[in-house]
Amino acid sequence: DVIKWLFCVITKTTENDDSKEGIKIKDEQIRIVSVFQRMLSLALEVDRSPALNSAKLSHELFHMVLGHMPLRAHRMLLLESLQSKLLSCKLLEQLLDYACPEKVSIPMSLKLLLHFLKNCTLAADPTDGLERWRKWEELMHLLWMLLLSYSKAMKGCLTSSIFEQIGKEATLVYKPDDMVSKSAVQEAVNAFLSRSQEDIGEALPLHVEESLTYLQDHLLD
């Protein structure tokens, strides 16, 4: 029920006009979205098997996004308001896998993130008009959110309940697939730039290219 209420409120946020009353209504709707997201986050924090149940919850959210969120504004509000990094990581992984024509059997890792960078293509948004670069901006945003949420998950503190974390120091847990080479990162970056330019017929806006450069630097750090 919480998920259905959450989606209902999110879709209503784009129905308001720019009047003072419309802005007030939207602010209240966003506050309600935050409350629902906090409820989902708390449910996972106290759960004895957050990894298992976050997978079930992300699966439900994933299908709701596909069926009820054609607008980027709705999807981004959902993703940016998620308070559980574990849930965010799993949902983003599913969304990017769906947008990737080439499927691979790689668990969530930096290697999989490079695969998404190299191969994912998002559908255009109805509001884009002639600004076809916006779907590539969205893809870059999703990749950054996935990297940041996964970085938190790598500390190993998201797969156990909050009670099990008490008194434990979070440490990074690297997997073999998290070890990516400079050449692999460069290949994925070049593929992203090549695909985007072929799609829109010109270079990406500077701020999108800068975001890609920062992502590349972060992966090589």
# chains A, B, ... in the order shown; residues from 1 in each chain; ligands from 1
>>> residues_around(residues="segment 193-200 of chain A", least_positions_apart="4", cutoff="8 Å", atoms="only C-alpha atoms", output="PyMOL selection string")
chain A and resi 132-133+136+189+204
>>> residues_around(residues="Glu187 of chain A", least_positions_apart="4", cutoff="12 Å", atoms="only C-alpha atoms", output="list in words")
Leu114, His115, Leu117, Lys118, Asn119, Val180, Ser181, Lys182, Ser183, Ala191, Phe192, Leu193, Ser194 and Gln216 of chain A
>>> closest_residue(among="A:Cys120, A:Arg72, A:Tyr174, A:Ser81", to="Arg134 of chain A", atoms="only C-alpha atoms")
A:Arg72
>>> select_by_dssp(residues="segment 83-124 of chain A", states="helix (DSSP H, G or I)", output="MDAnalysis selection string")
chainID A and resid 85:98 110:119
>>> write_last_selection(atoms="C-alpha atoms", output="PDB file, in the first residue's frame")
ATOM      1  CA  LYS A  85      21.002   3.354  -0.383  1.00  0.00           C
ATOM      2  CA  LEU A  86      20.641  -0.421  -0.630  1.00  0.00           C
ATOM      3  CA  LEU A  87      17.191  -0.093  -2.191  1.00  0.00           C
ATOM      4  CA  SER A  88      18.459   2.672  -4.465  1.00  0.00           C
ATOM      5  CA  CYS A  89      21.367   0.515  -5.627  1.00  0.00           C
ATOM      6  CA  LYS A  90      19.165  -2.467  -6.444  1.00  0.00           C
ATOM      7  CA  LEU A  91      16.486  -0.424  -8.225  1.00  0.00           C
ATOM      8  CA  LEU A  92      19.033   1.484 -10.327  1.00  0.00           C
ATOM      9  CA  GLU A  93      20.728  -1.779 -11.262  1.00  0.00           C
ATOM     10  CA  GLN A  94      17.407  -3.163 -12.516  1.00  0.00           C
ATOM     11  CA  LEU A  95      16.507  -0.007 -14.446  1.00  0.00           C
ATOM     12  CA  LEU A  96      19.895   0.162 -16.161  1.00  0.00           C
ATOM     13  CA  ASP A  97      19.868  -3.543 -16.950  1.00  0.00           C
ATOM     14  CA  TYR A  98      16.463  -3.050 -18.594  1.00  0.00           C
ATOM     15  CA  LEU A 110      32.214  -1.535 -10.837  1.00  0.00           C
ATOM     16  CA  LYS A 111      32.655  -3.875 -13.799  1.00  0.00           C
ATOM     17  CA  LEU A 112      28.876  -3.979 -14.255  1.00  0.00           C
ATOM     18  CA  LEU A 113      28.704  -0.186 -13.970  1.00  0.00           C
ATOM     19  CA  LEU A 114      31.228   0.067 -16.826  1.00  0.00           C
ATOM     20  CA  HIS A 115      29.065  -2.316 -18.852  1.00  0.00           C
ATOM     21  CA  PHE A 116      26.083   0.001 -18.325  1.00  0.00           C
ATOM     22  CA  LEU A 117      28.179   3.048 -19.258  1.00  0.00           C
ATOM     23  CA  LYS A 118      29.310   1.327 -22.438  1.00  0.00           C
ATOM     24  CA  ASN A 119      25.977  -0.115 -23.593  1.00  0.00           C
TER      25      ASN A 119
END
>>> residues_around(residues="Leu139 of chain A", least_positions_apart="4", cutoff="8 Å", atoms="only C-alpha atoms", output="list of chain:residue names")
A:Cys120, A:Thr121, A:Leu122, A:Lys135, A:Leu143
>>> residues_around(residues="His218 of chain A", least_positions_apart="5", cutoff="10 Å", atoms="only C-alpha atoms", output="list in words")
Trp144, Leu147, Leu212 and Thr213 of chain A
>>> residues_around(residues="Thr127 of chain A", least_positions_apart="2", cutoff="9 Å", atoms="only C-alpha atoms", output="MDAnalysis selection string")
chainID A and resid 71:72 124:125 129 131
>>> atom_distance(atom1="atom CA of Leu142 of chain A", atom2="atom CA of Leu79 of chain A")
8.8 Å
>>> closest_residue(among="A:Ala153, A:Met140, A:Ala123, A:Val2", to="Pro50 of chain A", atoms="only C-alpha atoms")
A:Ala153
>>> atom_distance(atom1="atom CA of Arg48 of chain A", atom2="atom CA of Ile106 of chain A")
26.0 Å
>>> closest_residue(among="A:Glu138, A:Lys56, A:Val33, A:Met64", to="Leu6 of chain A", atoms="only C-alpha atoms")
A:Val33
